[in-house]
>>> print(open('final.cif').read())   # mmCIF, C-alpha atoms
data_input
loop_
_atom_site.label_atom_id
_atom_site.label_comp_id
_atom_site.auth_asym_id
_atom_site.auth_seq_id
_atom_site.Cartn_x
_atom_site.Cartn_y
_atom_site.Cartn_z
CA TRP A 479 21.22 5.90 -1.32
CA VAL A 480 18.25 6.54 -3.58
CA SER A 481 15.03 4.68 -2.79
CA ALA A 482 11.98 4.00 -4.97
CA GLY A 483 8.69 2.53 -3.71
CA GLY A 484 6.78 4.01 -0.78
CA ALA A 485 6.89 1.03 1.58
CA LEU A 486 10.57 0.36 0.97
CA SER A 487 11.55 3.99 1.65
CA GLU A 488 9.51 3.88 4.87
CA TRP A 489 11.42 0.80 6.00
CA VAL A 490 14.78 2.45 5.19
CA SER A 491 13.70 5.32 7.42
CA ALA A 492 12.37 3.02 10.19
CA LEU A 493 15.69 1.14 10.18
CA GLY A 494 17.57 4.39 10.81
CA GLY A 495 18.84 4.81 7.26
CA GLU A 496 17.15 8.09 6.38
CA SER A 497 20.39 10.07 6.69
CA LYS A 498 21.81 7.96 3.83
CA LEU A 499 19.03 8.99 1.43
CA VAL A 500 19.83 11.61 -1.21
CA GLY A 501 16.64 11.10 -3.27
CA VAL A 502 13.32 9.22 -3.37
CA ASP A 503 10.53 8.58 -5.89
CA THR A 504 7.12 10.28 -5.85
CA THR A 505 5.41 7.41 -3.96
CA SER A 506 7.81 7.88 -1.00
CA GLN A 507 5.77 10.36 1.06
CA HIS A 508 6.22 9.04 4.60
CA PRO A 509 7.64 10.01 6.97
CA GLU A 510 6.99 13.68 6.11
CA SER A 511 10.75 14.41 6.12
CA LEU A 512 11.19 12.37 2.90
CA LYS A 513 9.24 15.03 0.98
CA ALA A 514 12.16 17.41 1.44
CA LEU A 515 14.48 15.13 -0.57
CA PRO A 516 15.04 15.52 -4.33
CA SER A 517 12.54 13.49 -6.39
CA ILE A 518 13.57 10.96 -9.03
CA GLY A 519 10.01 10.83 -10.45
CA TYR A 520 7.57 7.94 -10.47
CA GLN A 521 9.15 4.53 -9.68
CA ARG A 522 7.95 2.87 -12.91
CA GLN A 523 9.15 5.74 -15.13
CA LEU A 524 12.61 6.59 -13.87
CA SER A 525 15.21 8.38 -15.97
CA ALA A 526 18.88 7.44 -15.69
CA GLU A 527 19.89 11.14 -15.73
CA GLY A 528 17.57 11.96 -12.82
CA VAL A 529 18.99 9.20 -10.64
CA LEU A 530 22.65 9.64 -11.63
CA SER A 531 22.54 13.42 -11.08
CA LEU A 532 22.24 12.65 -7.34
CA ARG A 533 25.46 10.58 -7.52
CA PRO A 534 24.20 7.70 -5.37
CA GLN A 535 26.18 4.56 -4.58
CA ILE A 536 23.05 2.41 -4.15
CA LEU A 537 19.56 2.48 -5.70
CA VAL A 538 17.02 0.37 -3.82
CA GLY A 539 13.56 -0.43 -5.17
CA THR A 540 11.10 -3.22 -5.82
CA GLU A 541 10.51 -5.15 -9.01
CA GLU A 542 7.86 -2.49 -9.77
CA MET A 543 10.76 -0.11 -10.48
CA GLY A 544 11.78 0.57 -14.06
CA PRO A 545 11.87 0.65 -16.98
CA PRO A 546 14.53 -2.13 -17.26
CA PRO A 547 16.73 -0.32 -19.86
CA VAL A 548 17.04 2.63 -17.45
CA LEU A 549 18.10 0.28 -14.61
CA SER A 550 20.74 -1.20 -16.94
CA GLN A 551 22.07 2.31 -17.67
CA ILE A 552 22.22 3.08 -13.95
CA ARG A 553 24.11 -0.19 -13.28
CA SER A 554 26.52 0.56 -16.15
CA ALA A 555 27.31 3.90 -14.50
CA GLY A 556 28.58 1.98 -11.46
CA VAL A 557 25.57 2.36 -9.17
CA ARG A 558 24.62 -0.76 -7.23
CA VAL A 559 20.95 -1.59 -7.89
CA GLU A 560 19.25 -3.65 -5.16
CA LEU A 561 15.83 -5.04 -6.13
CA PHE A 562 13.34 -6.23 -3.50
CA SER A 563 10.07 -8.11 -3.91
CA ALA A 564 6.79 -6.19 -3.59
CA GLN A 565 4.87 -9.44 -3.07
CA PRO A 566 2.27 -8.68 -0.35
CA ASP A 567 2.93 -11.39 2.22
CA LEU A 568 4.72 -11.67 5.55
CA SER A 569 7.44 -14.11 4.45
CA THR A 570 8.48 -11.66 1.70
CA LEU A 571 8.46 -8.80 4.20
CA GLN A 572 10.66 -10.84 6.54
CA ARG A 573 13.22 -11.47 3.76
CA ASN A 574 13.12 -7.82 2.67
CA LEU A 575 13.65 -6.53 6.20
CA GLN A 576 16.54 -8.92 6.88
CA ARG A 577 18.23 -7.86 3.65
CA LEU A 578 17.64 -4.14 4.22
CA GLY A 579 18.84 -4.53 7.81
CA LYS A 580 22.04 -6.15 6.56
CA LEU A 581 22.65 -3.42 3.96
CA LEU A 582 22.15 -0.73 6.61
CA GLY A 583 24.01 -2.53 9.41
CA ALA A 584 20.76 -2.62 11.42
CA GLU A 585 19.97 -6.32 11.59
CA ASP A 586 18.84 -6.28 15.24
CA ARG A 587 16.54 -3.34 14.56
CA ALA A 588 15.05 -5.22 11.58
CA THR A 589 14.32 -8.24 13.80
CA GLN A 590 12.63 -6.01 16.42
CA LEU A 591 10.51 -4.19 13.83
CA LEU A 592 9.30 -7.47 12.33
CA ALA A 593 8.37 -8.86 15.76
CA THR A 594 6.36 -5.72 16.64
CA TYR A 595 4.66 -5.84 13.22
CA GLN A 596 3.67 -9.49 13.62
CA LYS A 597 2.36 -8.87 17.14
CA ALA A 598 0.13 -6.02 15.93
CA LEU A 599 -1.25 -8.21 13.14
CA GLU A 600 -1.85 -11.07 15.56
CA GLN A 601 -3.89 -8.82 17.84
CA GLN A 602 -5.85 -7.66 14.81
CA LYS A 603 -6.50 -11.25 13.76
CA ILE A 604 -7.96 -12.04 17.21
CA ARG A 605 -10.24 -9.01 16.96
CA VAL A 606 -11.50 -9.92 13.47
CA THR A 607 -12.05 -13.58 14.43
CA ARG A 608 -14.12 -12.43 17.41
CA GLU A 609 -16.21 -10.08 15.23
CA GLN A 610 -16.84 -12.77 12.64
CA LEU A 611 -18.35 -15.13 15.23
CA THR A 612 -21.46 -12.95 15.30
CA LYS A 613 -21.25 -10.79 12.18
CA GLN A 614 -20.87 -11.43 8.49
CA SER A 615 -17.80 -10.04 6.73
CA PRO A 616 -18.84 -6.97 4.74
CA GLY A 617 -18.49 -7.16 0.96
CA VAL A 618 -15.88 -4.55 0.03
CA LEU A 619 -14.46 -2.98 -3.13
CA LEU A 620 -11.25 -0.96 -3.10
CA VAL A 621 -11.11 1.60 -5.90
CA LEU A 622 -7.92 3.40 -6.87
CA GLY A 623 -8.52 6.60 -8.80
CA HIS A 624 -6.77 9.68 -10.12
CA ALA A 625 -8.66 12.95 -9.61
CA GLY A 626 -11.87 10.92 -9.58
CA GLY A 627 -11.25 9.46 -13.06
CA LYS A 628 -12.24 5.95 -14.08
CA PRO A 629 -11.08 3.88 -11.11
CA LEU A 630 -9.06 0.69 -11.01
CA ILE A 631 -10.44 -2.04 -8.77
CA ALA A 632 -8.01 -3.90 -6.50
CA GLY A 633 -8.14 -7.66 -7.02
CA LYS A 634 -6.20 -10.61 -5.63
CA ASP A 635 -2.43 -10.67 -5.15
CA THR A 636 -2.26 -6.96 -4.23
CA ALA A 637 -1.34 -5.13 -1.02
CA ALA A 638 -4.91 -3.76 -1.12
CA ASP A 639 -6.43 -7.26 -1.02
CA TRP A 640 -4.05 -8.23 1.81
CA LEU A 641 -5.25 -5.18 3.75
CA LEU A 642 -8.96 -5.86 3.18
CA GLN A 643 -8.62 -9.48 4.28
CA ARG A 644 -6.64 -8.66 7.44
CA ALA A 645 -9.26 -6.05 8.34
CA GLY A 646 -12.03 -8.64 8.09
CA GLY A 647 -13.53 -7.59 4.76
CA HIS A 648 -14.55 -9.80 1.85
CA ASN A 649 -13.03 -8.46 -1.38
CA LEU A 650 -15.78 -8.76 -4.00
CA ALA A 651 -13.26 -8.46 -6.86
CA THR A 652 -12.06 -11.86 -8.07
CA HIS A 653 -9.51 -10.83 -10.73
CA THR A 654 -5.76 -10.49 -10.09
CA GLY A 655 -4.01 -7.11 -9.81
CA TYR A 656 -5.66 -3.75 -10.49
CA LYS A 657 -8.18 -3.56 -13.34
CA PRO A 658 -10.72 -1.05 -14.65
CA PHE A 659 -14.35 -2.07 -14.14
CA SER A 660 -17.47 -1.12 -16.03
CA ASN A 661 -20.08 0.92 -14.17
CA GLU A 662 -22.49 -1.98 -14.52
CA SER A 663 -20.12 -4.39 -12.75
CA LEU A 664 -19.58 -1.92 -9.91
CA VAL A 665 -23.31 -1.71 -9.28
CA SER A 666 -23.99 -5.43 -9.72
CA LEU A 667 -21.37 -6.24 -7.06
CA ASP A 668 -23.13 -3.73 -4.76
CA PRO A 669 -20.48 -3.48 -1.98
CA ASP A 670 -21.45 -2.95 1.67
CA VAL A 671 -18.33 -0.80 2.04
CA LEU A 672 -16.38 1.21 -0.52
CA VAL A 673 -12.71 1.92 0.19
CA PHE A 674 -11.17 4.51 -2.10
CA ALA A 675 -7.66 5.84 -2.64
CA ASP A 676 -7.00 8.78 -4.95
CA ARG A 677 -3.53 9.52 -6.27
CA ALA A 678 -4.21 13.22 -6.87
CA LEU A 679 -6.81 14.39 -4.35
CA SER A 680 -7.70 13.70 -0.73
CA GLY A 681 -10.52 14.22 1.74
CA ASP A 682 -13.84 15.71 0.64
CA ALA A 683 -12.39 16.80 -2.72
CA ALA A 684 -11.41 13.20 -3.54
CA ARG A 685 -14.80 11.83 -2.49
CA ALA A 686 -16.68 14.50 -4.49
CA ALA A 687 -14.55 13.85 -7.60
CA LEU A 688 -15.09 10.08 -7.33
CA PHE A 689 -18.89 10.43 -7.31
CA LYS A 690 -18.90 13.21 -9.92
CA GLU A 691 -16.85 11.14 -12.38
CA ASN A 692 -18.59 7.86 -11.49
CA PRO A 693 -22.16 8.85 -10.54
CA ILE A 694 -23.33 5.24 -10.73
CA LEU A 695 -21.34 4.56 -7.53
CA ALA A 696 -23.89 6.65 -5.63
CA SER A 697 -26.47 3.91 -6.10
CA THR A 698 -24.36 1.26 -4.33
CA ARG A 699 -25.35 0.08 -0.86
CA ALA A 700 -22.07 1.48 0.49
CA ALA A 701 -22.84 5.00 -0.75
CA ARG A 702 -26.46 4.91 0.41
CA SER A 703 -25.44 3.93 3.94
CA GLY A 704 -22.43 6.27 3.99
CA ARG A 705 -19.91 3.46 4.46
CA ILE A 706 -17.09 4.98 2.44
CA ILE A 707 -13.53 4.89 3.77
CA GLU A 708 -10.59 6.83 2.36
CA LEU A 709 -7.15 5.23 2.19
CA ASP A 710 -3.76 6.79 1.47
CA PRO A 711 -2.67 5.39 -1.94
CA THR A 712 1.02 5.35 -0.97
CA LEU A 713 0.17 2.51 1.44
CA LEU A 714 -0.32 0.25 -1.57
CA VAL A 715 3.09 0.76 -3.22
CA GLY A 716 6.28 -1.22 -2.73
CA GLY A 717 5.00 -4.21 -0.76
CA LEU A 718 3.93 -4.30 2.88
CA GLY A 719 4.98 -1.11 4.64
CA PRO A 720 5.34 -0.15 8.31
CA ARG A 721 2.01 1.75 8.46
CA LEU A 722 -0.15 -1.18 7.33
CA PRO A 723 -1.02 -2.64 10.77
CA GLY A 724 -2.44 0.78 11.73
CA SER A 725 -4.40 0.92 8.47
CA VAL A 726 -5.77 -2.58 9.05
CA LYS A 727 -7.13 -1.36 12.39
CA LYS A 728 -8.66 1.75 10.78
CA LEU A 729 -10.40 -0.38 8.13
CA SER A 730 -11.66 -2.82 10.78
CA ASP A 731 -13.21 0.10 12.67
CA GLY A 732 -15.13 0.91 9.49
CA PHE A 733 -16.05 -2.69 8.70
CA TYR A 734 -17.29 -3.42 12.25
CA PRO A 735 -18.22 0.08 13.52
CA GLU A 736 -20.22 -0.84 16.63
CA ALA A 737 -17.17 -2.68 17.99
CA GLU A 738 -15.21 0.56 18.39
CA SER A 739 -16.88 1.58 21.61
CA GLN A 740 -16.36 -1.81 23.29
#
>>> encode(input="final.cif", output="structure tokens")
Amino acid sequence: WVSAGGALSEWVSALGGESKLVGVDTTSQHPESLKALPSIGYQRQLSAEGVLSLRPQILVGTEEMGPPPVLSQIRSAGVRVELFSAQPDLSTLQRNLQRLGKLLGAEDRATQLLATYQKALEQQKIRVTREQLTKQSPGVLLVLGHAGGKPLIAGKDTAADWLLQRAGGHNLATHTGYKPFSNESLVSLDPDVLVFADRALSGDAARAALFKENPILASTRAARSGRIIELDPTLLVGGLGPRLPGSVKKLSDGFYPEAESQ
């Protein structure tokens, strides 16, 4: 097997299929052991040679995978290409897990994983509902950058928006997908909390680069009150992945900080 799309590769691993993998794309970083596998490059810019050199029988990926002519070449070479939906919702995840479970001969495991996932989200929903009885949802923006460069803002119909909502945040972006924003718009929206994910840097270096390249962000309410939360960008690729319930909890802790000690 070769797998493209972070979340999908994580599910293959969680379903016990990691030993079948001979290669993954660059967004497949978890679990850590996947980093030791040969890379087929970025999921949207695959090369037929790169994939075929690993001599796989199956290539699994989401509809984000491409480009289409390359997938056609891979199919023509006799490799089975299985495409999954990256739509960020639970019914899609359920279908994806059932199908992956079937392909891997791990249908019972897929059912168990989904049940655990739904239970974790249900507990989270109860927590957020309780918080919102007495507190207002914070206005949030999620910015996706590369070495601090001009960021893309996560809008509706994205895994990022799904995450923000489940964590009890109000996404201030009203567009669909990921789009660049002008500095003026970023300031006029004035988020209470800024969530950022950088595809090249992490930690203090990522935060410093974000503010260096976009100094106007420093004047937002979020920056002034220090409510800035870092997110791993691979969480946002390939649909809803196994680590998302944990990330929803982490974001909630940042959105409703005083609740942590209760």
>>> residues_around(input="final.cif", residues="Glu496 (chain A)", least_positions_apart="4", cutoff="12 Å", atoms="all atoms listed in the file", output="MDAnalysis selection string")
chainID A and resid 479:481 486:492 500:502 506 508:515 582
>>> residues_near_point(input="final.cif", point="(-1.7, -9.2, -5.4)", cutoff="10 Å", atoms="all atoms listed in the file", output="list in words")
Ala564, Gln565, Pro566, Asp567, Ala632, Gly633, Lys634, Asp635, Thr636, Ala637, Ala638, Asp639, Trp640, His653, Thr654, Gly655, Tyr656 and Gly717 of chain A
>>> atom_distance(input="final.cif", atom1="CA of Gln601 (chain A)", atom2="CA of Ala645 (chain A)")
11.3 Å
>>> closest_residue(input="final.cif", among="A:Asp586, A:Glu736, A:Asp668, A:Asp731", to="Gly646 (chain A)", atoms="all atoms listed in the file")
A:Asp731
>>> resolve_selection(input="final.cif", expression="the PyMOL selection byres ((chain A and resi 609-619) around 8)", output="NGL selection string")
:A and (605-608 or 620-621 or 631-632 or 642 or 646-651 or 669-673 or 733-734 or 737)
>>> closest_residue(input="final.cif", among="A:Ala555, A:Val715, A:Ala485, A:Leu568", to="Ala526 (chain A)", atoms="all atoms listed in the file")
A:Ala555
>>> resolve_selection(input="final.cif", expression="the PyMOL selection byres ((chain A and resi 538-553) around 7)", output="list in words")
Val480, Ser481, Ala482, Gly483, Leu486, Gln521, Arg522, Gln523, Leu524, Ser525, Ala526, Leu530, Ile536, Leu537, Ser554, Ala555, Gly556, Val557, Arg558, Val559, Glu560, Leu561, Phe562, Ser563, Ala564 and Gly716 of chain A
>>> write_last_selection(input="final.cif", atoms="C-alpha atoms", output="PDB file, keeping the file's coordinate frame")
ATOM      1  CA  VAL A 480      18.250   6.540  -3.580  1.00  0.00           C
ATOM      2  CA  SER A 481      15.030   4.680  -2.790  1.00  0.00           C
ATOM      3  CA  ALA A 482      11.980   4.000  -4.970  1.00  0.00           C
ATOM      4  CA  GLY A 483       8.690   2.530  -3.710  1.00  0.00           C
ATOM      5  CA  LEU A 486      10.570   0.360   0.970  1.00  0.00           C
ATOM      6  CA  GLN A 521       9.150   4.530  -9.680  1.00  0.00           C
ATOM      7  CA  ARG A 522       7.950   2.870 -12.910  1.00  0.00           C
ATOM      8  CA  GLN A 523       9.150   5.740 -15.130  1.00  0.00           C
ATOM      9  CA  LEU A 524      12.610   6.590 -13.870  1.00  0.00           C
ATOM     10  CA  SER A 525      15.210   8.380 -15.970  1.00  0.00           C
ATOM     11  CA  ALA A 526      18.880   7.440 -15.690  1.00  0.00           C
ATOM     12  CA  LEU A 530      22.650   9.640 -11.630  1.00  0.00           C
ATOM     13  CA  ILE A 536      23.050   2.410  -4.150  1.00  0.00           C
ATOM     14  CA  LEU A 537      19.560   2.480  -5.700  1.00  0.00           C
ATOM     15  CA  SER A 554      26.520   0.560 -16.150  1.00  0.00           C
ATOM     16  CA  ALA A 555      27.310   3.900 -14.500  1.00  0.00           C
ATOM     17  CA  GLY A 556      28.580   1.980 -11.460  1.00  0.00           C
ATOM     18  CA  VAL A 557      25.570   2.360  -9.170  1.00  0.00           C
ATOM     19  CA  ARG A 558      24.620  -0.760  -7.230  1.00  0.00           C
ATOM     20  CA  VAL A 559      20.950  -1.590  -7.890  1.00  0.00           C
ATOM     21  CA  GLU A 560      19.250  -3.650  -5.160  1.00  0.00           C
ATOM     22  CA  LEU A 561      15.830  -5.040  -6.130  1.00  0.00           C
ATOM     23  CA  PHE A 562      13.340  -6.230  -3.500  1.00  0.00           C
ATOM     24  CA  SER A 563      10.070  -8.110  -3.910  1.00  0.00           C
ATOM     25  CA  ALA A 564       6.790  -6.190  -3.590  1.00  0.00           C
ATOM     26  CA  GLY A 716       6.280  -1.220  -2.730  1.00  0.00           C
TER      27      GLY A 716
END
>>> atom_distance(input="final.cif", atom1="CA of Pro735 (chain A)", atom2="CA of Phe689 (chain A)")
23.3 Å
>>> resolve_selection(input="final.cif", expression="the PyMOL selection byres ((chain A and resi 572) around 12)", output="number ranges by chain")
A: 489, 562-571, 573-579, 585, 588-593, 595-596, 717-719
>>> closest_residue(input="final.cif", among="A:Leu493, A:Leu679, A:Ala687, A:Ile706", to="Arg587 (chain A)", atoms="all atoms listed in the file")
A:Leu493
>>> atom_distance(input="final.cif", atom1="CA of Ser730 (chain A)", atom2="CA of Lys603 (chain A)")
10.3 Å
>>> decode(input="final.cif", residues="region 683-712 of chain A", atoms="N, CA and C atoms", output="short mmCIF file (atom, residue, chain, number, x, y, z; two decimals), in the first residue's frame")
data_model
loop_
_atom_site.label_atom_id
_atom_site.label_comp_id
_atom_site.auth_asym_id
_atom_site.auth_seq_id
_atom_site.Cartn_x
_atom_site.Cartn_y
_atom_site.Cartn_z
N ALA A 683 9.49 29.63 16.99
CA ALA A 683 9.98 30.09 15.68
C ALA A 683 8.79 30.40 14.76
N ALA A 684 7.76 29.54 14.81
CA ALA A 684 6.58 29.75 13.97
C ALA A 684 5.83 31.00 14.39
N ARG A 685 5.68 31.18 15.69
CA ARG A 685 4.97 32.34 16.22
C ARG A 685 5.71 33.63 15.85
N ALA A 686 7.04 33.62 16.04
CA ALA A 686 7.85 34.81 15.73
C ALA A 686 7.76 35.15 14.25
N ALA A 687 7.82 34.12 13.39
CA ALA A 687 7.76 34.35 11.94
C ALA A 687 6.39 34.92 11.53
N LEU A 688 5.33 34.40 12.16
CA LEU A 688 3.97 34.87 11.85
C LEU A 688 3.84 36.37 12.12
N PHE A 689 4.33 36.81 13.27
CA PHE A 689 4.20 38.23 13.64
C PHE A 689 5.20 39.11 12.88
N LYS A 690 6.35 38.53 12.54
CA LYS A 690 7.35 39.30 11.77
C LYS A 690 6.83 39.58 10.36
N GLU A 691 6.25 38.54 9.75
CA GLU A 691 5.75 38.69 8.37
C GLU A 691 4.40 39.40 8.33
N ASN A 692 3.66 39.35 9.41
CA ASN A 692 2.32 39.97 9.44
C ASN A 692 2.20 40.82 10.71
N PRO A 693 2.99 41.91 10.79
CA PRO A 693 3.05 42.68 12.05
C PRO A 693 1.70 43.24 12.49
N ILE A 694 0.79 43.40 11.53
CA ILE A 694 -0.52 43.96 11.87
C ILE A 694 -1.30 43.03 12.81
N LEU A 695 -0.96 41.74 12.79
CA LEU A 695 -1.63 40.77 13.68
C LEU A 695 -1.39 41.11 15.15
N ALA A 696 -0.28 41.77 15.43
CA ALA A 696 0.07 42.09 16.81
C ALA A 696 -0.93 43.06 17.45
N SER A 697 -1.69 43.77 16.59
CA SER A 697 -2.65 44.73 17.16
C SER A 697 -4.03 44.11 17.39
N THR A 698 -4.17 42.80 17.12
CA THR A 698 -5.47 42.15 17.36
C THR A 698 -5.65 41.90 18.86
N ARG A 699 -6.87 41.80 19.26
CA ARG A 699 -7.20 41.52 20.68
C ARG A 699 -6.53 40.22 21.13
N ALA A 700 -6.52 39.23 20.24
CA ALA A 700 -5.93 37.93 20.58
C ALA A 700 -4.46 38.08 20.95
N ALA A 701 -3.72 38.84 20.13
CA ALA A 701 -2.29 39.02 20.38
C ALA A 701 -2.05 39.82 21.65
N ARG A 702 -2.85 40.86 21.84
CA ARG A 702 -2.66 41.72 23.02
C ARG A 702 -2.92 40.96 24.33
N SER A 703 -3.86 40.01 24.29
CA SER A 703 -4.15 39.26 25.51
C SER A 703 -3.40 37.92 25.56
N GLY A 704 -2.55 37.67 24.55
CA GLY A 704 -1.75 36.45 24.54
C GLY A 704 -2.53 35.18 24.27
N ARG A 705 -3.71 35.31 23.65
CA ARG A 705 -4.52 34.11 23.39
C ARG A 705 -4.24 33.60 21.97
N ILE A 706 -3.08 32.97 21.85
CA ILE A 706 -2.63 32.45 20.56
C ILE A 706 -2.33 30.97 20.75
N ILE A 707 -2.95 30.15 19.94
CA ILE A 707 -2.81 28.69 20.10
C ILE A 707 -2.24 28.10 18.82
N GLU A 708 -1.20 27.27 18.99
CA GLU A 708 -0.60 26.62 17.82
C GLU A 708 -1.27 25.28 17.56
N LEU A 709 -1.41 24.96 16.27
CA LEU A 709 -2.05 23.70 15.87
C LEU A 709 -1.15 23.02 14.83
N ASP A 710 -1.07 21.71 14.91
CA ASP A 710 -0.29 20.94 13.93
C ASP A 710 -1.03 20.95 12.59
N PRO A 711 -0.41 21.48 11.51
CA PRO A 711 -1.12 21.58 10.23
C PRO A 711 -1.53 20.25 9.62
N THR A 712 -0.82 19.16 9.98
CA THR A 712 -1.19 17.85 9.40
C THR A 712 -2.54 17.36 9.91
#
